[in-house]
Each structure stands twice: as structure tokens, then as C-alpha cells.
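Listing of upload-v8.cif, mmCIF, C-alpha atoms
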```
data_start
loop_
_atom_site.label_atom_id
_atom_site.label_comp_id
_atom_site.auth_asym_id
_atom_site.auth_seq_id
_atom_site.Cartn_x
_atom_site.Cartn_y
_atom_site.Cartn_z
CA MET A 88 93.83 94.37 116.60
CA GLY A 89 93.28 94.69 120.33
CA THR A 90 91.70 92.05 122.50
CA ALA A 91 90.81 88.99 120.45
CA SER A 92 87.19 87.94 120.26
CA PRO A 93 86.31 84.65 121.98
CA ASN A 94 85.26 83.44 118.53
CA LEU A 95 88.82 83.81 117.27
CA VAL A 96 91.23 83.43 120.15
CA TRP A 97 91.38 79.63 119.97
CA TYR A 98 92.57 79.75 116.38
CA GLU A 99 94.89 82.73 116.50
CA ILE A 100 98.20 82.11 114.76
CA ARG A 101 101.21 84.31 114.11
CA CYS A 102 102.61 82.98 110.85
CA ARG A 103 101.62 83.37 107.25
CA ILE A 104 99.79 80.39 105.75
CA LEU A 105 101.72 79.97 102.53
CA ASN A 106 99.44 77.70 100.49
CA VAL A 107 96.24 79.70 100.98
CA LEU A 108 95.06 82.80 99.12
CA LEU A 109 92.06 84.76 100.39
CA ILE A 110 90.13 86.60 97.67
CA THR A 111 88.16 89.57 98.96
CA GLY A 112 86.80 92.76 97.46
CA THR A 113 85.60 96.25 98.14
CA ASP A 114 81.94 95.17 98.10
CA THR A 115 79.56 92.38 97.16
CA GLU A 116 79.73 92.87 93.38
CA SER A 117 83.41 93.63 92.99
CA GLY A 118 84.33 90.49 91.04
CA LYS A 119 85.65 88.02 93.63
CA THR A 120 83.99 85.07 91.91
CA VAL A 121 85.40 86.13 88.54
CA LEU A 122 88.94 86.24 89.93
CA THR A 123 88.56 82.99 91.87
CA THR A 124 87.19 81.22 88.79
CA ALA A 125 89.95 82.61 86.56
CA MET A 126 92.72 81.56 88.95
CA ALA A 127 91.16 78.11 89.41
CA ALA A 128 90.98 77.71 85.61
CA TYR A 129 94.64 78.75 85.34
CA CYS A 130 95.71 76.32 88.07
CA GLN A 131 93.87 73.39 86.52
CA LYS A 132 95.30 74.14 83.07
CA TYR A 133 98.91 74.96 83.93
CA CYS A 134 99.68 73.69 87.44
CA HIS A 135 99.20 69.97 86.86
CA SER A 136 101.57 68.93 89.64
CA ARG A 137 99.62 70.84 92.32
CA SER A 138 96.23 69.85 93.73
CA LEU A 139 93.75 72.72 93.99
CA GLY A 140 91.07 73.38 96.58
CA ILE A 141 88.34 76.03 96.55
CA MET A 142 86.44 77.31 99.58
CA LYS A 143 83.54 79.68 100.10
CA PRO A 144 83.68 79.45 103.92
CA ILE A 145 80.30 81.06 104.58
CA GLN A 146 77.51 81.35 102.05
CA SER A 147 74.03 82.82 102.33
CA ALA A 148 71.63 81.39 99.70
CA GLU A 149 72.48 79.48 96.55
CA GLY A 150 75.40 80.85 94.56
CA ASP A 151 79.15 80.39 94.49
CA ARG A 152 79.38 76.88 95.94
CA GLU A 153 77.03 75.55 93.30
CA TRP A 154 78.94 77.44 90.61
CA TYR A 155 82.29 75.91 91.57
CA GLN A 156 80.78 72.43 91.79
CA LYS A 157 79.35 72.82 88.28
CA LEU A 158 82.47 74.26 86.68
CA PHE A 159 85.35 72.32 88.26
CA SER A 160 86.12 68.72 89.10
CA LEU A 161 86.82 69.24 92.78
CA ASP A 162 87.58 66.33 95.07
CA GLN A 163 85.60 68.06 97.81
CA SER A 164 82.26 67.53 99.48
CA PRO A 165 79.77 70.44 99.56
CA GLU A 166 80.65 70.91 103.25
CA GLU A 167 84.34 71.14 102.41
CA ILE A 168 83.60 73.90 99.92
CA THR A 169 81.18 75.74 102.21
CA PRO A 170 81.32 74.74 105.90
CA LEU A 171 78.59 77.20 106.90
CA TYR A 172 75.55 77.53 104.65
CA PHE A 173 72.48 79.66 105.34
CA GLN A 174 69.26 79.91 103.34
CA ALA A 175 68.54 83.65 103.36
CA PRO A 176 70.59 86.00 101.09
CA LEU A 177 71.60 88.18 104.03
CA ALA A 178 74.67 88.95 106.12
CA PRO A 179 75.65 85.79 108.05
CA PRO A 180 74.67 86.94 111.56
CA ILE A 181 71.23 87.98 110.28
CA ALA A 182 70.76 84.85 108.16
CA ALA A 183 71.85 82.65 111.06
CA ALA A 184 69.43 84.32 113.47
CA LYS A 185 66.53 83.61 111.13
CA GLU A 186 67.39 79.90 111.38
CA ASN A 187 67.98 80.01 115.15
CA ARG A 188 71.63 79.24 114.53
CA THR A 189 74.95 80.91 115.27
CA VAL A 190 77.93 81.58 113.01
CA ASP A 191 80.29 78.93 114.39
CA LEU A 192 83.76 79.95 113.26
CA ALA A 193 85.26 76.81 114.78
CA VAL A 194 83.57 74.86 111.97
CA VAL A 195 85.07 77.19 109.36
CA TRP A 196 88.57 77.08 110.83
CA GLN A 197 88.60 73.30 111.15
CA ALA A 198 87.43 72.86 107.54
CA LEU A 199 89.99 75.36 106.25
CA THR A 200 92.81 73.69 108.17
CA ALA A 201 91.86 70.22 106.98
CA LEU A 202 91.58 71.31 103.35
CA ARG A 203 94.83 73.28 103.26
CA ASN A 204 96.60 70.25 104.69
CA ARG A 205 95.14 68.07 101.92
CA LYS A 206 95.64 70.45 98.99
CA ASP A 207 98.76 72.05 97.58
CA PHE A 208 96.99 75.36 97.00
CA LEU A 209 93.69 76.66 98.36
CA LEU A 210 91.63 79.55 96.99
CA VAL A 211 89.28 81.01 99.60
CA GLU A 212 86.60 83.42 98.40
CA THR A 213 85.07 85.59 101.09
CA LEU A 214 81.54 86.83 101.36
CA GLY A 215 81.04 90.53 100.62
CA GLY A 216 84.03 92.78 101.19
CA LEU A 217 86.67 93.27 103.87
CA GLY A 218 84.20 95.22 106.00
CA SER A 219 81.35 92.73 105.66
CA PRO A 220 80.11 91.28 108.96
CA VAL A 221 80.83 87.63 109.69
CA THR A 222 79.40 87.66 113.20
CA GLU A 223 77.92 90.43 115.34
CA GLU A 224 81.47 91.30 116.43
CA LEU A 225 83.72 90.42 113.52
CA THR A 226 84.26 91.34 109.88
CA VAL A 227 86.01 89.56 107.03
CA ALA A 228 89.07 91.71 107.77
CA ASP A 229 89.16 90.41 111.36
CA LEU A 230 89.31 86.83 110.12
CA ALA A 231 91.89 87.57 107.43
CA GLY A 232 94.14 89.34 109.92
CA THR A 233 93.83 87.01 112.88
CA TRP A 234 94.08 83.85 110.81
CA CYS A 235 97.09 85.28 108.92
CA LEU A 236 95.64 84.58 105.49
CA PRO A 237 97.49 86.13 102.54
CA THR A 238 94.92 88.26 100.78
CA VAL A 239 94.24 89.87 97.41
CA LEU A 240 91.76 92.76 97.09
CA VAL A 241 89.50 93.01 94.03
CA VAL A 242 88.56 96.58 93.10
CA PRO A 243 85.89 97.13 90.42
CA VAL A 244 86.64 99.59 87.66
CA LYS A 245 84.11 102.37 88.18
CA LEU A 246 83.85 105.95 89.41
CA GLY A 247 84.80 105.99 93.08
CA ALA A 248 87.17 103.04 92.78
CA ILE A 249 90.16 105.03 94.03
CA SER A 250 88.50 105.96 97.31
CA GLN A 251 87.22 102.40 97.75
CA ALA A 252 90.73 101.05 97.28
CA VAL A 253 92.21 103.53 99.75
CA ALA A 254 89.53 102.85 102.39
CA ASN A 255 89.81 99.07 102.11
CA VAL A 256 93.60 99.10 102.29
CA ALA A 257 93.35 101.29 105.42
CA LEU A 258 90.98 98.73 106.97
CA ALA A 259 93.34 95.92 106.02
CA ARG A 260 96.24 97.66 107.73
CA GLN A 261 94.16 98.36 110.85
CA LYS A 262 93.31 94.64 111.08
CA GLN A 263 96.87 93.52 110.22
CA VAL A 264 95.83 91.77 107.04
CA THR A 265 98.68 90.48 104.84
CA LEU A 266 97.55 92.22 101.67
CA LEU A 267 99.61 90.98 98.72
CA GLY A 268 98.10 93.16 96.05
CA ILE A 269 95.14 94.71 94.29
CA ILE A 270 93.49 93.37 91.14
CA LEU A 271 91.18 95.60 89.13
CA ASN A 272 88.06 94.08 87.59
CA CYS A 273 85.82 95.36 84.81
CA VAL A 274 82.34 94.53 86.08
CA GLN A 275 80.97 96.10 82.88
CA PRO A 276 82.56 96.66 79.46
CA ARG A 277 85.14 99.43 79.88
CA THR A 278 87.30 101.29 77.39
CA ASP A 279 91.03 101.68 77.96
CA ALA A 280 90.40 105.37 78.65
CA GLU A 281 87.81 104.59 81.33
CA ILE A 282 90.15 102.10 83.00
CA ALA A 283 92.99 104.62 82.96
CA ASP A 284 90.82 107.48 84.25
CA TRP A 285 88.78 105.62 86.89
CA THR A 286 91.48 103.28 88.22
CA PRO A 287 94.89 104.84 87.47
CA THR A 288 97.41 102.26 88.60
CA ASP A 289 100.17 104.66 89.59
CA LEU A 290 97.84 106.79 91.72
CA ILE A 291 96.28 103.81 93.49
CA GLN A 292 99.72 102.38 94.23
CA SER A 293 100.98 105.76 95.44
CA LEU A 294 98.01 106.28 97.77
CA THR A 295 97.91 102.72 99.16
CA ASN A 296 101.52 101.54 98.88
CA ILE A 297 100.06 98.24 97.61
CA PRO A 298 100.94 96.88 94.14
CA VAL A 299 98.27 96.64 91.46
CA LEU A 300 98.77 93.18 89.96
CA GLY A 301 96.67 93.56 86.84
CA CYS A 302 93.21 94.18 85.47
CA LEU A 303 90.58 91.61 84.53
CA PRO A 304 88.65 92.54 81.38
CA TYR A 305 84.89 92.27 81.23
CA LEU A 306 83.97 88.63 80.60
CA ASP A 307 80.53 87.78 79.28
CA ASN A 308 81.04 84.00 79.56
CA LEU A 309 82.42 82.89 82.91
CA ALA A 310 82.16 79.24 81.85
CA ASP A 311 84.87 79.61 79.17
CA LEU A 312 87.73 78.06 81.15
CA ASP A 313 90.34 78.55 78.41
CA LYS A 314 89.54 82.27 78.22
CA LEU A 315 89.58 82.54 82.02
CA ALA A 316 92.97 80.83 82.23
CA LYS A 317 94.30 83.22 79.59
CA VAL A 318 93.17 86.39 81.36
CA ALA A 319 94.55 85.03 84.64
CA SER A 320 97.93 84.49 82.98
CA ASP A 321 98.10 88.24 82.33
CA LEU A 322 98.02 88.93 86.09
CA ASP A 323 101.06 88.93 88.38
CA LEU A 324 100.23 85.48 89.78
CA GLU A 325 103.74 84.85 91.07
CA ARG A 326 103.29 87.52 93.75
CA LEU A 327 100.10 85.71 94.84
CA GLY A 328 101.84 82.36 95.19
CA VAL A 329 99.95 80.67 92.34
CA CYS A 330 101.88 77.71 90.86
CA THR A 331 104.99 78.50 92.93
#
```
Structure encoded using C-alpha cells:
Amino acid sequence: MGTASPNLVWYEIRCRILNVLLITGTDTESGKTVLTTAMAAYCQKYCHSRSLGIMKPIQSAEGDREWYQKLFSLDQSPEEITPLYFQAPLAPPIAAAKENRTVDLAVVWQALTALRNRKDFLLVETLGGLGSPVTEELTVADLAGTWCLPTVLVVPVKLGAISQAVANVALARQKQVTLLGIILNCVQPRTDAEIADWTPTDLIQSLTNIPVLGCLPYLDNLADLDKLAKVASDLDLERLGVCT
């Protein structure tokens, strides 16, 4: 990825972190929280011998951290779930500037390292998508690639999904992200025909050379943990390292 940013060079590693899965998407409303919640529900229901951690490393305004605290019994402090928290619902460098703060990635890296050493499996949900800015110099893809985090890409089922998938996979390759697979997500109720026409699995796999590991149906109740665990079980979780 060229010369490493001073924000990253101290933490650069060259091996895959096996007990961490980074969940990212094509954009802010792709369904990252849905997938993270479903996989966490699956782990807590079926992977009793493995301790689970959840992270939202950087959050702007109330949202995912509070959701995970409400839904799951996590042996984690708020700071362990979200090391960097900003008040304004804006991109981190903009939200930080409004508070006269900086986006200190050392804090994020130290929290991630400590939690992955304490938990058997760690789900890490990113902000925005792979191209979303983390600092004025770096995107989510930069962090995923430089920190060697195995990653899954959530692609919403809608018109334009194919081009979004292709563009995001290209960015992942440019930044040397270890992309394990793509999961489709129905952000709205979709018919089988719409899913097949808007997100044809064979075409997406042919264009990206990345496996499509399943499709999440539209879920109107994200607090139904049994239903979430069931839909997660229909995904190819083995390829993502869940419960292995």
C-alpha cells in the first residue's frame, strides 16, 4: 500500500489475525449491524465453549455500541466495545475536529489487541464502508489491510449492487485486505426474483473472484436472537472462522 502512514506504522503486522473478523460494507446502510448481530446471536447460542467479544472501534453519535450492550451479555466495558467515541454523527476526522480532538488509532489498536487476547473470537464492526475515512489520511480499507484483519464485505440487495461489489473488492485488493467473502443483505423486503436479478451470485463471483457466502433475508425484528441465529446458520460461517 506504499509508504505507511505514521498513524499506522507502529502497529503494522504481516500475519493474519485468526480470531478476529472485520465486518464492513459497501456503504453506511449496507447491513453491517444486522450481520454482526446475527453472528453474535449464533455464537452465543451454538459456540458455548468459545468466549465472544464485539467491537465498534470508532463510533460517531449513539448507535451500535448501545445496541450491543442492550442485546448481549458482554463482559466488556463501554470503552472496550468502542475505544473512540464522538458526539456528532459525522465522519470521524470531522467529528473529532468539532471536539478539538484527534482520531488516535493507538487507542483503537491497543483495545483491539487486548480484547482479542482475552476472547476466543472477536467480531469487529467498522464504521461506514471500506472507503469511509477514519482519519484525514486513512480509510477503513487502510486499517483492514495494514492490521491484517480477515474481512467480510456486506453488499445490500438493490439495483447497483453488482458495481458496488466490484468497486469495493477492487479497493480491498489495492489495500491488501484479506477479504474472505461477500454476504448479501436484504435491507428491504425482496422477492427471490429481485435477489436473483439484482445480486446474481455467479456473476458477482465471476467479476470479483470472491465467494458469496450467503444472503441475509429482510428482518423486521433485530432483537429476535433465535431468528438471527437461524439466519446466520444458513451462511457459510466456516469460511469466516466462526465456531472453528
Neighbouring residues of Arg326 in chain A were defined as those with any atom within 9 Å, considering all atoms listed in the file; residues of the same chain fewer than 5 positions away were excluded. Please report them as a VMD selection string. chain A and resid 267 to 268 300
So how many Å separate CA of Gly232 in chain A and CA of Leu294 in chain A, to one decimal? 21.2 Å
Name the residues captured by the PyMOL selection byres ((chain A and resi 114-118) around 6) when it is applied to the shown file; answer as a count of residues only. 9
Test item: the PyMOL selection byres ((chain A and resi 257) around 12) resolved as a count of residues only: 23
Residues near Val244 in chain A, cut-off 10 Å, only C-alpha atoms, skip fewer than 6 positions along chain, as a list of chain:residue names: A:Ser117, A:Gly118, A:Ile270, A:Leu271, A:Asn272, A:Cys273, A:Val274, A:Gln275, A:Pro276, A:Arg277, A:Glu281, A:Ile282, A:Ala283, A:Asp284, A:Trp285, A:Thr286, A:Pro287, A:Cys302, A:Leu303, A:Pro304, A:Tyr305
Could you state which residues are captured by the PyMOL selection byres ((chain A and resi 124-135) around 7) in this file, as a list in words? Thr120, Val121, Leu122, Thr123, Ser136, Arg137, Leu312, Leu315, Ala316, Ala319 and Cys330 of chain A
What separation in Å, quoted to one decimal, exists between CA of Thr200 in chain A and CA of Lys143 in chain A? 13.7 Å
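With all atoms listed in the file as the basis for measurement, A:Pro237 is the residue among A:Pro179, A:Pro237, A:Gly150, A:Pro170 that approaches Leu209 in chain A most closely.
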Name the residues in contact with Ile110 in chain A at a cut-off of 6 Å, using only C-alpha atoms, excluding same-chain residues fewer than 5 positions from it; report them as a PyMOL selection string. chain A and resi 211-212+238-239
For the residues selected in the previous step, produce a file with C-alpha atoms as an mmCIF file, in the frame of the given file.
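File again_14.cif, as written:
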```cif
data_model
loop_
_atom_site.group_PDB
_atom_site.id
_atom_site.type_symbol
_atom_site.label_atom_id
_atom_site.label_comp_id
_atom_site.auth_asym_id
_atom_site.auth_seq_id
_atom_site.Cartn_x
_atom_site.Cartn_y
_atom_site.Cartn_z
ATOM 1 C CA VAL A 211 89.280 81.010 99.600
ATOM 2 C CA GLU A 212 86.600 83.420 98.400
ATOM 3 C CA THR A 238 94.920 88.260 100.780
ATOM 4 C CA VAL A 239 94.240 89.870 97.410
#
```
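Taking CA of Leu214 in chain A as the reference point, CA of Cys235 in chain A is found at 17.4 Å.
Each of A:Val190, A:Val329, A:Ile269, A:Ile291 was checked against Val241 in chain A using only C-alpha atoms; the smallest atom-to-atom distance is that of A:Ile269.
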Counting all atoms listed in the file, figure out which residue out of A:Val318, A:Leu161, A:Ala231, A:Leu192 gets nearest to Leu306 in chain A.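 So, comparing all the options, the nearest one is A:Val318.
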Shell around Tyr172 in chain A at 8 Å using only C-alpha atoms, local window under 3 positions removed, as a tab-separated table (two decimals) with C-alpha atoms, in the coordinates of the input:
```tsv
chain	number	residue	atom	x	y	z
A	145	ILE	CA	80.30	81.06	104.58
A	146	GLN	CA	77.51	81.35	102.05
A	147	SER	CA	74.03	82.82	102.33
A	148	ALA	CA	71.63	81.39	99.70
A	169	THR	CA	81.18	75.74	102.21
```
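If you measure from each of A:Thr222, A:Thr233, A:Thr288, A:Asn106 to Ala182 in chain A using all atoms listed in the file, the closest one turns out to be A:Thr222.
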Which residue is closest to Leu230 in chain A? Choose from A:Thr111, A:Glu325, A:Gly247, A:Asp162 and count all atoms listed in the file.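 Selected residue with least distance to Leu230 in chain A: A:Thr111.
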Centre and edges of the range 301-317 of chain A box, axis-aligned, 6 Å extra per side, as JSON:
```
{"center_x": 88.6, "center_y": 86.1, "center_z": 82.5, "size_x": 28.1, "size_y": 28.1, "size_z": 20.6}
```
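The nearest approach to Ala201 in chain A among the residues A:Gln163, A:Ser219, A:Thr226, A:Gln292, with all atoms listed in the file taken into account, belongs to A:Gln163.
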Quick one: residues within 8 Å of Asp191 in chain A, all atoms listed in the file, excluding same-chain residues fewer than 2 positions away - as a PyMOL selection string? chain A and resi 94+171+189+193-195
